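Novice: One file is attached below, upload.txt, containing compact mmCIF, C-alpha atoms and all ligand atoms.
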# COMPACT_ATOMS: atom_id res chain seq x y z
CA MET V 1 70.77 100.69 59.54
CA THR V 2 72.11 97.55 61.15
CA ASN V 3 75.03 99.66 62.26
CA LEU V 4 72.74 102.17 63.87
CA LEU V 5 70.76 99.38 65.47
CA SER V 6 73.81 97.64 66.82
CA ARG V 7 75.07 100.91 68.19
CA LEU V 8 71.71 101.64 69.73
CA PHE V 9 71.75 98.30 71.43
CA GLY V 10 75.28 98.68 72.64
CA ARG V 11 77.17 96.23 70.52
CA ALA V 12 79.74 98.17 68.59
CA LYS V 13 82.33 96.10 66.76
CA LYS V 14 85.72 97.27 67.93
CA GLY V 15 85.56 100.39 70.02
CA SER V 16 88.43 102.59 71.11
CA GLY V 17 88.65 100.53 74.30
CA ALA V 18 90.04 97.59 72.36
CA THR V 19 92.44 99.89 70.55
CA ALA V 20 93.58 101.25 73.90
CA LYS V 21 94.28 97.72 75.10
CA ASP V 22 96.33 96.83 72.02
CA ARG V 23 98.32 100.03 72.19
CA LEU V 24 98.99 99.56 75.89
CA ARG V 25 100.17 95.99 75.37
CA PHE V 26 102.59 97.17 72.72
CA VAL V 27 103.95 100.14 74.60
CA LEU V 28 104.34 98.19 77.85
CA GLN V 29 106.25 95.38 76.13
CA HIS V 30 108.87 97.91 75.19
CA ASP V 31 108.74 99.87 78.45
CA ARG V 32 109.32 96.71 80.42
CA ILE V 33 112.51 95.74 78.61
CA ASN V 34 113.54 99.35 78.21
CA LEU V 35 113.99 99.02 74.46
CA PRO V 36 111.94 101.29 72.23
CA PRO V 37 110.33 99.83 69.09
CA GLU V 38 112.70 101.63 66.77
CA ARG V 39 115.79 100.16 68.47
CA MET V 40 114.15 96.75 68.50
CA GLU V 41 113.86 96.88 64.70
CA GLU V 42 117.49 97.90 64.48
CA MET V 43 118.46 94.93 66.62
CA LYS V 44 116.44 92.56 64.47
CA SER V 45 118.19 93.65 61.30
CA GLU V 46 121.54 93.32 63.00
CA ILE V 47 120.72 89.81 64.13
CA LEU V 48 119.64 88.92 60.62
CA ALA V 49 122.72 90.46 59.08
CA VAL V 50 124.85 88.12 61.18
CA ILE V 51 122.84 85.01 60.42
CA VAL V 52 122.80 85.74 56.74
CA LYS V 53 126.59 85.59 56.74
CA TYR V 54 126.36 81.91 57.55
CA LEU V 55 123.01 80.69 56.33
CA VAL V 56 120.55 81.22 53.56
CA VAL V 57 117.52 82.75 55.20
CA ASP V 58 114.02 83.06 53.90
CA LYS V 59 113.76 86.72 54.85
CA ASP V 60 110.05 87.05 54.21
CA ARG V 61 109.24 84.44 56.79
CA VAL V 62 111.54 85.60 59.54
CA GLU V 63 109.77 86.27 62.81
CA ILE V 64 111.54 87.74 65.79
CA ASP V 65 109.08 88.63 68.50
CA LEU V 66 109.01 89.60 72.10
CA GLU V 67 106.82 87.35 74.17
CA GLN V 68 105.72 88.49 77.58
CA ARG V 69 103.99 86.28 80.06
CA ASP V 70 103.96 89.07 82.61
CA ARG V 71 106.06 91.96 83.87
CA ARG V 72 108.94 89.76 84.98
CA HIS V 73 109.10 87.26 82.16
CA SER V 74 109.97 88.42 78.70
CA LYS V 75 111.61 86.38 76.04
CA LEU V 76 112.71 86.99 72.53
CA VAL V 77 111.40 84.26 70.29
CA ALA V 78 112.88 83.91 66.84
CA GLU V 79 111.77 81.76 63.99
CA ILE V 80 114.22 82.02 61.14
CA PRO V 81 113.61 79.57 58.32
CA VAL V 82 116.90 78.60 56.72
CA ALA V 83 117.49 76.90 53.43
CA ILE V 84 118.63 73.30 53.53
CA HIS V 85 121.73 72.84 51.47
CA THR V 86 121.31 70.23 48.80
CA PRO V 87 124.78 69.10 47.72
CA PRO V 88 125.59 68.52 44.07
CA SER V 89 125.40 64.83 43.05
CA ASN V 90 129.16 65.02 42.86
CA SER V 91 130.68 61.96 44.61
CA LYS V 92 133.39 63.99 46.42
CA GLN V 93 130.92 65.53 48.86
CA ILE V 94 129.19 62.40 50.01
CA THR V 95 130.26 62.67 53.68
CA ASP V 96 129.09 66.26 53.83
CA SER V 97 125.72 65.60 52.38
CA SER V 98 124.88 62.78 54.76
CA ALA V 99 125.61 65.03 57.70
CA LEU V 100 123.34 67.68 56.29
CA ALA V 101 120.61 65.18 55.67
CA ASP V 102 120.68 64.29 59.36
CA VAL V 103 120.20 67.88 60.34
CA ALA V 104 117.31 68.25 57.95
CA GLU V 105 115.62 65.20 59.39
CA SER V 106 115.92 66.16 63.03
CA ASN V 107 114.63 69.62 62.19
CA GLY V 108 111.71 68.08 60.45
CA ALA V 109 110.96 65.94 63.45
CA ASN V 110 110.51 68.72 65.99
CA ASN V 111 109.28 71.54 63.87
CA GLY V 112 106.64 71.45 61.20
CA SER V 113 107.55 74.72 59.58
CA ASP V 114 111.19 73.81 59.32
CA ALA V 115 110.20 70.62 57.61
CA GLN V 116 108.18 72.78 55.28
CA SER V 117 111.14 74.95 54.44
CA ALA V 118 113.29 71.87 53.87
CA GLU V 119 110.78 70.67 51.33
CA ASP V 120 110.57 74.05 49.67
CA GLU V 121 114.26 74.12 49.32
CA ALA V 122 114.49 70.57 48.05
CA ALA V 123 112.18 71.51 45.24
CA LYS V 124 114.54 74.22 44.07
CA PRO V 125 117.30 73.47 41.60
CA GLU V 126 120.49 72.32 43.21
CA ALA V 127 123.09 74.95 43.81
CA PRO V 128 126.75 74.30 44.48
CA LYS V 129 128.04 75.30 47.89
CA ASP V 130 129.83 78.50 46.88
CA ALA V 131 126.72 79.71 45.14
CA VAL V 132 124.87 79.47 48.41
CA GLU V 133 127.49 81.61 50.09
CA ALA V 134 127.25 84.15 47.33
CA LYS V 135 123.55 84.31 47.94
CA ALA V 136 124.17 84.99 51.59
CA ASP V 137 126.22 88.02 50.64
CA GLU V 138 124.22 89.34 47.81
CA GLY V 139 120.68 88.50 48.69
CA GLU V 140 118.49 87.32 45.86
CA ASP V 141 121.19 86.93 43.26
CA GLU V 142 121.11 83.16 42.85
CA GLU V 143 122.82 80.27 41.12
CA ASP V 144 124.76 79.87 37.91
CA LYS V 145 127.62 81.92 39.27
CA LYS V 146 130.06 79.12 39.09
CA ALA V 147 128.36 76.58 36.88
CA MET C 1 104.51 94.55 114.70
CA GLY C 2 101.17 96.21 115.43
CA GLY C 3 99.47 98.35 112.82
CA LYS C 4 99.71 97.94 109.09
CA VAL C 5 101.10 100.58 106.78
CA VAL C 6 99.20 100.91 103.51
CA THR C 7 100.61 103.27 100.90
CA ILE C 8 98.39 104.65 98.14
CA SER C 9 100.36 105.47 95.00
CA SER C 10 99.81 105.82 91.28
CA GLY C 11 102.51 106.91 88.87
CA LYS C 12 100.36 109.36 86.95
CA GLY C 13 99.02 112.33 88.87
CA GLY C 14 95.40 113.23 89.39
CA VAL C 15 94.00 109.71 89.21
CA GLY C 16 92.45 109.78 92.69
CA LYS C 17 95.07 108.86 95.32
CA THR C 18 94.06 111.57 97.75
CA THR C 19 90.38 110.84 97.22
CA ALA C 20 91.04 107.16 97.84
CA THR C 21 93.15 107.78 100.94
CA ALA C 22 90.55 110.05 102.53
CA ASN C 23 87.72 107.65 101.82
CA LEU C 24 89.60 104.57 102.97
CA GLY C 25 90.54 106.38 106.15
CA ILE C 26 86.91 107.21 106.88
CA SER C 27 85.67 103.73 105.94
CA LEU C 28 88.27 101.96 108.06
CA ALA C 29 87.43 104.23 110.99
CA SER C 30 83.74 103.53 110.56
CA LEU C 31 84.59 99.83 110.64
CA GLY C 32 85.98 100.45 114.11
CA LYS C 33 89.67 100.61 113.24
CA LYS C 34 92.17 103.05 114.68
CA VAL C 35 93.48 104.94 111.69
CA VAL C 36 95.98 107.63 110.87
CA VAL C 37 96.31 109.07 107.39
CA ILE C 38 99.54 110.77 106.36
CA ASP C 39 99.79 113.30 103.56
CA ALA C 40 103.23 112.62 102.07
CA ASP C 41 102.76 115.09 99.24
CA ILE C 42 105.03 117.75 100.69
CA GLY C 43 104.59 121.13 99.05
CA LEU C 44 101.20 120.14 97.63
CA ARG C 45 99.13 119.57 100.74
CA ASN C 46 95.65 118.31 99.85
CA LEU C 47 94.44 115.53 102.09
CA ASP C 48 93.49 118.08 104.76
CA VAL C 49 90.99 119.88 102.54
CA ILE C 50 89.53 116.68 101.16
CA MET C 51 88.89 115.58 104.75
CA GLY C 52 87.61 118.98 105.82
CA LEU C 53 90.36 119.48 108.41
CA GLU C 54 92.32 122.31 106.83
CA ASN C 55 91.65 124.92 109.48
CA ARG C 56 92.83 122.80 112.37
CA ILE C 57 96.41 122.45 111.23
CA VAL C 58 99.10 123.72 113.55
CA TYR C 59 102.06 121.42 112.88
CA ASP C 60 102.89 119.19 109.95
CA LEU C 61 104.94 116.19 108.88
CA VAL C 62 108.17 118.17 108.52
CA ASP C 63 107.69 119.68 111.99
CA ILE C 64 107.53 116.17 113.40
CA VAL C 65 110.56 114.96 111.48
CA GLU C 66 112.61 118.01 112.44
CA GLY C 67 111.58 117.78 116.07
CA ARG C 68 109.58 121.01 116.37
CA SER C 69 106.46 119.10 117.28
CA LYS C 70 105.66 115.97 119.21
CA LEU C 71 103.94 113.33 117.13
CA ARG C 72 100.65 113.63 119.01
CA GLN C 73 100.67 117.42 118.80
CA ALA C 74 100.74 117.36 115.01
CA MET C 75 97.98 114.78 114.61
CA ILE C 76 94.56 116.22 113.83
CA LYS C 77 91.54 114.32 115.02
CA HIS C 78 88.66 113.94 112.60
CA LYS C 79 85.40 115.71 113.48
CA LYS C 80 83.26 112.58 113.26
CA PHE C 81 85.60 109.77 114.24
CA ASP C 82 87.57 109.78 117.46
CA ASP C 83 89.94 107.14 116.14
CA LEU C 84 90.81 108.82 112.86
CA PHE C 85 93.75 111.21 112.64
CA LEU C 86 95.52 113.19 109.94
CA ILE C 87 99.18 114.12 109.72
CA PRO C 88 99.25 116.94 107.19
CA ALA C 89 102.02 117.62 104.69
CA ALA C 90 104.12 120.75 104.97
CA GLN C 91 103.01 123.28 102.44
CA THR C 92 106.08 125.46 102.21
CA ARG C 93 108.86 122.91 102.16
CA ASP C 94 110.05 120.54 99.49
CA LYS C 95 110.16 116.77 99.47
CA MET C 96 113.81 116.61 100.43
CA ALA C 97 112.91 117.77 103.94
CA VAL C 98 111.82 114.19 104.69
CA SER C 99 113.78 111.00 104.03
CA PRO C 100 112.57 107.42 103.61
CA GLU C 101 114.25 106.60 106.94
CA ASP C 102 112.28 109.38 108.66
CA MET C 103 109.10 107.82 107.32
CA VAL C 104 110.04 104.36 108.55
CA LYS C 105 110.75 105.73 112.02
CA LEU C 106 107.47 107.63 112.10
CA ALA C 107 105.49 104.65 110.83
CA ASN C 108 107.02 102.37 113.44
CA GLU C 109 105.96 104.72 116.20
CA LEU C 110 102.44 104.92 114.83
CA ARG C 111 102.18 101.15 114.46
CA GLU C 112 102.10 100.84 118.22
CA ASP C 113 98.87 102.79 118.59
CA PHE C 114 97.04 102.36 115.32
CA ASP C 115 95.58 99.52 113.27
CA TYR C 116 96.10 101.23 109.91
CA ILE C 117 98.51 103.89 108.79
CA LEU C 118 97.53 105.13 105.32
CA ILE C 119 100.06 107.12 103.33
CA ASP C 120 98.92 109.33 100.46
CA SER C 121 101.83 109.28 98.03
CA PRO C 122 102.61 112.13 95.66
CA ALA C 123 102.52 111.44 91.92
CA GLY C 124 105.75 110.51 90.18
CA ILE C 125 108.65 108.22 90.98
CA GLU C 126 110.93 110.50 92.94
CA ARG C 127 111.73 111.27 96.54
CA GLY C 128 108.13 111.78 97.66
CA PHE C 129 107.16 108.39 96.26
CA ARG C 130 110.21 106.77 97.89
CA ASN C 131 109.21 108.33 101.19
CA ALA C 132 105.73 106.89 100.93
CA LEU C 133 106.94 103.49 99.73
CA GLU C 134 109.70 102.77 102.25
CA PRO C 135 107.53 102.08 105.33
CA ALA C 136 104.77 100.28 103.39
CA ASP C 137 103.51 96.81 104.28
CA GLU C 138 101.13 96.94 101.35
CA VAL C 139 100.80 99.23 98.37
CA LEU C 140 97.54 100.08 96.65
CA ILE C 141 97.99 101.43 93.15
CA VAL C 142 95.31 103.77 91.88
CA THR C 143 94.78 104.03 88.15
CA ASN C 144 92.14 105.20 85.72
CA PRO C 145 91.02 102.97 82.85
CA GLU C 146 92.98 105.02 80.39
CA VAL C 147 96.15 104.45 78.38
CA SER C 148 98.53 106.92 80.03
CA ALA C 149 97.41 106.16 83.58
CA VAL C 150 97.78 102.40 83.08
CA ARG C 151 101.16 102.84 81.48
CA ASP C 152 102.42 104.88 84.41
CA ALA C 153 100.88 102.40 86.83
CA ASP C 154 102.93 99.67 85.19
CA ARG C 155 106.07 101.68 85.73
CA ILE C 156 105.31 102.24 89.40
CA ILE C 157 104.42 98.57 89.86
CA GLY C 158 107.85 97.65 88.51
CA LEU C 159 109.49 99.99 91.04
CA ILE C 160 107.35 98.64 93.88
CA GLU C 161 108.37 95.09 93.03
CA ALA C 162 112.01 96.07 92.70
CA ALA C 163 111.81 97.53 96.21
CA ASP C 164 110.39 94.21 97.48
CA LYS C 165 107.09 95.83 98.36
CA GLY C 166 105.09 93.94 95.77
CA PRO C 167 102.86 92.71 94.41
CA GLY C 168 100.42 95.45 95.44
CA ARG C 169 96.76 95.65 94.54
CA LEU C 170 94.88 97.84 92.11
CA ILE C 171 92.16 100.41 92.60
CA ILE C 172 90.58 101.22 89.27
CA ASN C 173 89.02 104.64 89.68
CA ARG C 174 86.62 106.65 87.53
CA LEU C 175 85.27 103.74 85.55
CA LYS C 176 82.41 104.77 83.30
CA THR C 177 80.18 101.75 82.95
CA GLU C 178 78.29 103.19 80.02
CA LEU C 179 81.47 103.70 78.04
CA VAL C 180 82.79 100.25 78.89
CA LYS C 181 79.56 98.75 77.62
CA LYS C 182 79.95 100.60 74.35
CA GLY C 183 83.52 99.34 74.07
CA GLU C 184 84.79 102.88 74.38
CA MET C 185 86.70 102.46 77.60
CA LEU C 186 89.10 99.87 79.01
CA SER C 187 87.20 97.55 81.32
CA SER C 188 88.48 96.47 84.72
CA ASP C 189 89.20 93.06 83.16
CA ASP C 190 91.31 94.73 80.48
CA VAL C 191 93.32 96.57 83.10
CA PHE C 192 93.75 93.36 85.04
CA ASP C 193 94.93 91.51 81.91
CA ILE C 194 97.47 94.17 81.17
CA LEU C 195 98.86 94.84 84.64
CA GLY C 196 98.40 91.38 86.11
CA LEU C 197 97.74 92.63 89.64
CA SER C 198 94.70 91.70 91.64
CA ILE C 199 92.02 94.32 91.94
CA VAL C 200 91.00 95.57 95.36
CA GLY C 201 88.51 98.14 94.13
CA ILE C 202 86.55 99.36 91.15
CA ILE C 203 85.27 102.87 91.72
CA PRO C 204 82.77 104.36 89.29
CA GLU C 205 82.93 107.91 88.01
CA ASP C 206 80.65 109.81 90.34
CA GLU C 207 79.79 113.52 90.39
CA LEU C 208 79.29 113.27 94.11
CA VAL C 209 83.08 112.99 94.49
CA LEU C 210 83.35 116.59 93.36
CA SER C 211 80.62 117.78 95.73
CA ALA C 212 82.36 115.85 98.49
CA SER C 213 85.64 117.60 97.86
CA ASN C 214 83.81 120.92 97.69
CA SER C 215 82.34 120.36 101.12
CA GLY C 216 85.23 118.49 102.72
CA ILE C 217 83.04 115.51 103.53
CA PRO C 218 84.41 112.41 101.76
CA VAL C 219 81.98 110.56 99.59
CA THR C 220 81.89 107.38 101.71
CA LEU C 221 79.85 109.37 104.20
CA ASN C 222 77.21 109.87 101.51
CA MET C 223 74.86 106.89 101.39
CA GLN C 224 73.67 107.93 97.92
CA SER C 225 77.07 107.61 96.34
CA LYS C 226 78.12 104.57 94.34
CA ALA C 227 81.73 105.68 94.53
CA GLY C 228 81.34 105.95 98.29
CA MET C 229 79.98 102.43 98.50
CA ALA C 230 82.80 101.16 96.32
CA PHE C 231 85.42 102.82 98.55
CA ASN C 232 83.74 101.27 101.55
CA ASN C 233 84.10 97.86 99.92
CA VAL C 234 87.79 98.52 99.35
CA ALA C 235 88.22 99.18 103.06
CA ARG C 236 86.51 95.91 103.89
CA ARG C 237 88.77 94.03 101.49
CA VAL C 238 91.79 95.73 103.04
CA ILE C 239 90.84 94.37 106.47
CA GLY C 240 90.52 90.94 104.90
CA GLU C 241 86.80 90.55 104.26
CA ASP C 242 85.73 88.80 101.11
CA VAL C 243 83.41 91.33 99.51
CA PRO C 244 81.91 90.67 96.07
CA PHE C 245 82.31 93.43 93.51
CA MET C 246 79.16 95.48 93.24
CA ASN C 247 77.17 95.76 90.09
CA LEU C 248 77.95 99.16 88.65
CA ASP C 249 75.35 98.74 86.00
CA GLU C 250 72.89 101.30 87.30
CA SER C 251 71.08 102.03 84.07
CA ARG C 252 68.04 99.87 83.75
CA GLY C 253 66.31 101.72 80.94
CA ILE C 254 64.23 99.98 78.33
CA PHE C 255 67.06 100.11 75.77
CA GLN C 256 69.59 98.55 78.09
CA ARG C 257 67.24 95.80 79.05
CA LEU C 258 66.54 95.14 75.38
CA ALA C 259 70.25 95.11 74.65
CA LYS C 260 70.78 92.60 77.41
CA LEU C 261 68.18 90.33 75.87
CA LEU C 262 69.50 90.74 72.34
CA ASN C 263 73.11 90.19 73.30
CA GLY C 264 72.28 87.37 75.63
CA ARG C 265 74.08 88.86 78.58
N1 LIG H 1 85.48 108.39 91.22
C1 LIG H 1 85.57 109.68 90.86
N2 LIG H 1 84.54 110.27 90.19
C2 LIG H 1 84.65 111.58 89.83
N3 LIG H 1 85.70 112.37 90.09
C3 LIG H 1 86.75 111.84 90.75
C4 LIG H 1 86.74 110.47 91.16
N4 LIG H 1 87.92 110.23 91.80
C5 LIG H 1 88.61 111.37 91.76
N5 LIG H 1 87.93 112.35 91.15
C6 LIG H 1 88.39 113.73 90.90
O1 LIG H 1 89.67 113.68 90.30
C7 LIG H 1 90.47 114.75 90.72
C8 LIG H 1 91.81 114.23 91.22
O2 LIG H 1 91.63 113.46 92.38
P1 LIG H 1 92.75 113.37 93.50
O3 LIG H 1 93.16 114.72 93.96
O4 LIG H 1 92.25 112.40 94.52
O5 LIG H 1 93.93 112.72 92.66
P2 LIG H 1 95.44 112.49 93.11
O6 LIG H 1 95.86 111.22 92.48
O7 LIG H 1 95.57 112.58 94.57
O8 LIG H 1 96.15 113.73 92.44
P3 LIG H 1 97.68 114.20 92.66
O9 LIG H 1 98.51 113.29 91.83
O10 LIG H 1 97.69 115.59 92.14
O11 LIG H 1 97.96 114.09 94.12
C9 LIG H 1 89.68 115.48 91.79
O12 LIG H 1 89.10 116.62 91.21
C10 LIG H 1 88.62 114.50 92.19
O13 LIG H 1 87.44 115.15 92.61
MG MG H 2 96.92 113.80 95.78
Could I get this file's structure written as structure tokens?
Specialist:
Amino acid sequence: MTNLLSRLFGRAKKGSGATAKDRLRFVLQHDRINLPPERMEEMKSEILAVIVKYLVVDKDRVEIDLEQRDRRHSKLVAEIPVAIHTPPSNSKQITDSSALADVAESNGANNGSDAQSAEDEAAKPEAPKDAVEAKADEGEDEEDKKA
Amino acid sequence: MGGKVVTISSGKGGVGKTTATANLGISLASLGKKVVVIDADIGLRNLDVIMGLENRIVYDLVDIVEGRSKLRQAMIKHKKFDDLFLIPAAQTRDKMAVSPEDMVKLANELREDFDYILIDSPAGIERGFRNALEPADEVLIVTNPEVSAVRDADRIIGLIEAADKGPGRLIINRLKTELVKKGEMLSSDDVFDILGLSIVGIIPEDELVLSASNSGIPVTLNMQSKAGMAFNNVARRVIGEDVPFMNLDESRGIFQRLAKLLNGR
């Protein structure tokens, strides 16, 4: 009844006009950079595949998006949370770990979500360096490889 | 430099370029301007019938370009306005008969004697569009508030900017106020948000446009027509007047008034 009323009085929730606008926005984003959605997805997985060779990436929280201010200004904006490497409390790697700590701090300073991912990672059990690399290759298969 | 060349283009076909060109021509003439309208849609001549001048044609655009006719000989004077002329398209030739350079040369000649030279562009992005674009000082892009028309408009806007003829202004044609109110049609604001070009006209859907094309008397000459009034406003904006957009909200029934109250707008 309320539905009928609201329709009678011309206040539908989300009509096809709004859908048209969303669809147009999407299709024009791709038209304007001449890269169809399908190819864009391909590109994203390729980018990720490269990054994953070097870093541990939280794949579920990766965001690579096209931002368009207008017809002439498009940019690809990527947010790729990476795991902060926590070195084993082994005294040999002290120099390494201090360098990494610096990186973690400066990340934390300019980006809230990176700081978040640093914390997340810190909470996890420590993994030796080669284990991290193994993870990069084999996805979710974590830890205990070498230990 | 003299007169100004205004090209009317669209991307998608059938959105109202020829209707807009004819009506702008009439409106500008009735505002006291010297106007010539050129049908650049070679092979698909149409502007002549919309303006009711089809049986006066002797020569056409291609005849001028190929030197069979003097410019003045091919120009057809409008029945009502002494300072409004049509250069018709050739019906039996194809677009390659005219080049962008031909159009620039023609436009430059016309600039000396006319205030406005309006060019009705064919649909699409090929030679005919290039012909219409090349001499342009300003481009008006006609679109309908509809996904495919807006998409194609975006494409043409990109090409216009790439040719250094931008930014161009938009004519949003065939807007159905009732549908917009129900949220079932893109609004002029939506189209503006998406395309990012300023709007020079919002023309409502109007049955009188059909009757006008039936009779060959463009709708601006009909005082009853909202579309006609809207086209007239476009002409005034083209000559630089600051004209507020008219209220297309014609329905003032009890339900609409109630809705206004209830929705606080
Ligand atoms: N505001 C309007 N209200 C109702 N009908 C309209 C309106 N504008 C245009 N039309 C109708 O739309 C049809 C197409 O118009 P028109 O020929 O002007 O389009 P066009 O863009 O020149 O087409 P083409 O790309 O084929 O040259 C015509 O039948 C015309 O009567
Ligand atoms: Mg036409």
Novice: Do me a favour and pick out the residues of chain C within 6 Å of chain V, using all atoms listed in the file, as a short mmCIF file (atom, residue, chain, number, x, y, z; two decimals) with C-alpha atoms, in the coordinates of the input.
Specialist:
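Produced file selection.cif, reproduced below:
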data_model
loop_
_atom_site.label_atom_id
_atom_site.label_comp_id
_atom_site.auth_asym_id
_atom_site.auth_seq_id
_atom_site.Cartn_x
_atom_site.Cartn_y
_atom_site.Cartn_z
CA LYS C 182 79.95 100.60 74.35
CA GLY C 183 83.52 99.34 74.07
CA GLU C 184 84.79 102.88 74.38
CA MET C 185 86.70 102.46 77.60
CA LEU C 186 89.10 99.87 79.01
CA ALA C 259 70.25 95.11 74.65
#
Novice: Residues within 8 Å of ligand MG 2 (chain H) should be enumerated using all atoms listed in the file and returned as a list in words.
Specialist: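 The distance check yields Gly13, Gly14, Gly16, Lys17, Thr18, Thr19, Asp41, Leu44, Arg45, Asn46, Leu47, Asp120, Ser121, Pro122 and Ala123 of chain C.
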Novice: Determine the nearest neighbour of Lys53 (chain V) from the options V:Asp65, V:Lys75, V:Phe26, V:Val82, counting only C-alpha atoms.
Specialist: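 For Lys53 (chain V), the nearest of the candidates is V:Val82.
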Novice: Would you write out, as a Markdown table, a table of all residues in chain C that have an atom no more than 10 Å from an atom of ligand LIG 1 (chain H), listing for each the closest atom pair and the distance in Å to one decimal, considering all atoms listed in the file and ordering rows by chain and rising residue number?
Specialist:
| residue | atom | partner | partner_atom | distance |
| --- | --- | --- | --- | --- |
| C:Ile8 | CA | H:LIG1 | O6 | 9.0 |
| C:Ser9 | CA | H:LIG1 | O6 | 7.7 |
| C:Ser10 | CA | H:LIG1 | O6 | 6.8 |
| C:Gly11 | CA | H:LIG1 | O9 | 8.1 |
| C:Lys12 | CA | H:LIG1 | O9 | 6.5 |
| C:Gly13 | CA | H:LIG1 | O9 | 3.2 |
| C:Gly14 | CA | H:LIG1 | O8 | 3.2 |
| C:Val15 | CA | H:LIG1 | O6 | 4.1 |
| C:Gly16 | CA | H:LIG1 | O4 | 3.2 |
| C:Lys17 | CA | H:LIG1 | O6 | 3.8 |
| C:Thr18 | CA | H:LIG1 | O7 | 3.7 |
| C:Thr19 | CA | H:LIG1 | O4 | 3.6 |
| C:Ala20 | CA | H:LIG1 | O4 | 6.3 |
| C:Thr21 | CA | H:LIG1 | O4 | 8.0 |
| C:Ala22 | CA | H:LIG1 | O4 | 8.5 |
| C:Asn23 | CA | H:LIG1 | O4 | 9.8 |
| C:Asp39 | CA | H:LIG1 | O11 | 9.6 |
| C:Ala40 | CA | H:LIG1 | O11 | 9.7 |
| C:Asp41 | CA | H:LIG1 | O11 | 7.1 |
| C:Leu44 | CA | H:LIG1 | O11 | 7.7 |
| C:Arg45 | CA | H:LIG1 | O11 | 8.7 |
| C:Asn46 | CA | H:LIG1 | O3 | 7.3 |
| C:Leu47 | CA | H:LIG1 | O7 | 8.2 |
| C:Ile50 | CA | H:LIG1 | O3 | 8.3 |
| C:Asp120 | CA | H:LIG1 | O7 | 7.5 |
| C:Ser121 | CA | H:LIG1 | O11 | 7.3 |
| C:Pro122 | CA | H:LIG1 | O11 | 5.3 |
| C:Ala123 | CA | H:LIG1 | O9 | 4.4 |
| C:Gly124 | CA | H:LIG1 | O9 | 7.9 |
| C:Val142 | CA | H:LIG1 | O6 | 7.5 |
| C:Thr143 | CA | H:LIG1 | O6 | 8.5 |
| C:Asn144 | CA | H:LIG1 | N4 | 8.9 |
| C:Ile172 | CA | H:LIG1 | N1 | 9.0 |
| C:Asn173 | CA | H:LIG1 | N1 | 5.4 |
| C:Arg174 | CA | H:LIG1 | N1 | 4.2 |
| C:Leu175 | CA | H:LIG1 | N1 | 7.3 |
| C:Lys176 | CA | H:LIG1 | N2 | 9.1 |
| C:Ile202 | CA | H:LIG1 | N1 | 9.1 |
| C:Ile203 | CA | H:LIG1 | N1 | 5.5 |
| C:Pro204 | CA | H:LIG1 | N1 | 5.2 |
| C:Glu205 | CA | H:LIG1 | N2 | 3.6 |
| C:Asp206 | CA | H:LIG1 | N2 | 3.9 |
| C:Glu207 | CA | H:LIG1 | C2 | 5.3 |
| C:Leu208 | CA | H:LIG1 | C2 | 7.1 |
| C:Val209 | CA | H:LIG1 | C2 | 5.1 |
| C:Leu210 | CA | H:LIG1 | O13 | 4.4 |
| C:Ser211 | CA | H:LIG1 | O13 | 7.9 |
| C:Ala212 | CA | H:LIG1 | O13 | 7.8 |
| C:Ser213 | CA | H:LIG1 | O13 | 6.1 |
| C:Asn214 | CA | H:LIG1 | O13 | 8.5 |
| C:Val219 | CA | H:LIG1 | N1 | 9.3 |
| C:Ser225 | CA | H:LIG1 | N1 | 9.9 |
| C:Lys226 | CA | H:LIG1 | N1 | 8.9 |
| C:Ala227 | CA | H:LIG1 | N1 | 5.7 |
| C:Gly228 | CA | H:LIG1 | N1 | 8.5 |
| C:Ala230 | CA | H:LIG1 | N1 | 9.2 |
| C:Phe231 | CA | H:LIG1 | N1 | 9.2 |
Novice: Report as a VMD selection string all protein, DNA and RNA residues lying within 10 Å of His30 (chain V), evaluated on only C-alpha atoms, omitting residues in the same chain fewer than 6 positions from it.
Specialist: chain V and resid 36 to 40 66
Novice: For CA of Gly3 (chain C) and CA of Asp152 (chain C), quote the distance in Å rounded to one decimal.
Specialist: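 The value is 29.3 Å.
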Novice: Report as an MDAnalysis selection string all protein, DNA and RNA residues lying within 8 Å of region 61-64 of chain C, evaluated on only C-alpha atoms, omitting residues in the same chain fewer than 4 positions from it.
Specialist: chainID C and resid 39:40 68:71 74 87:90 93 97:98
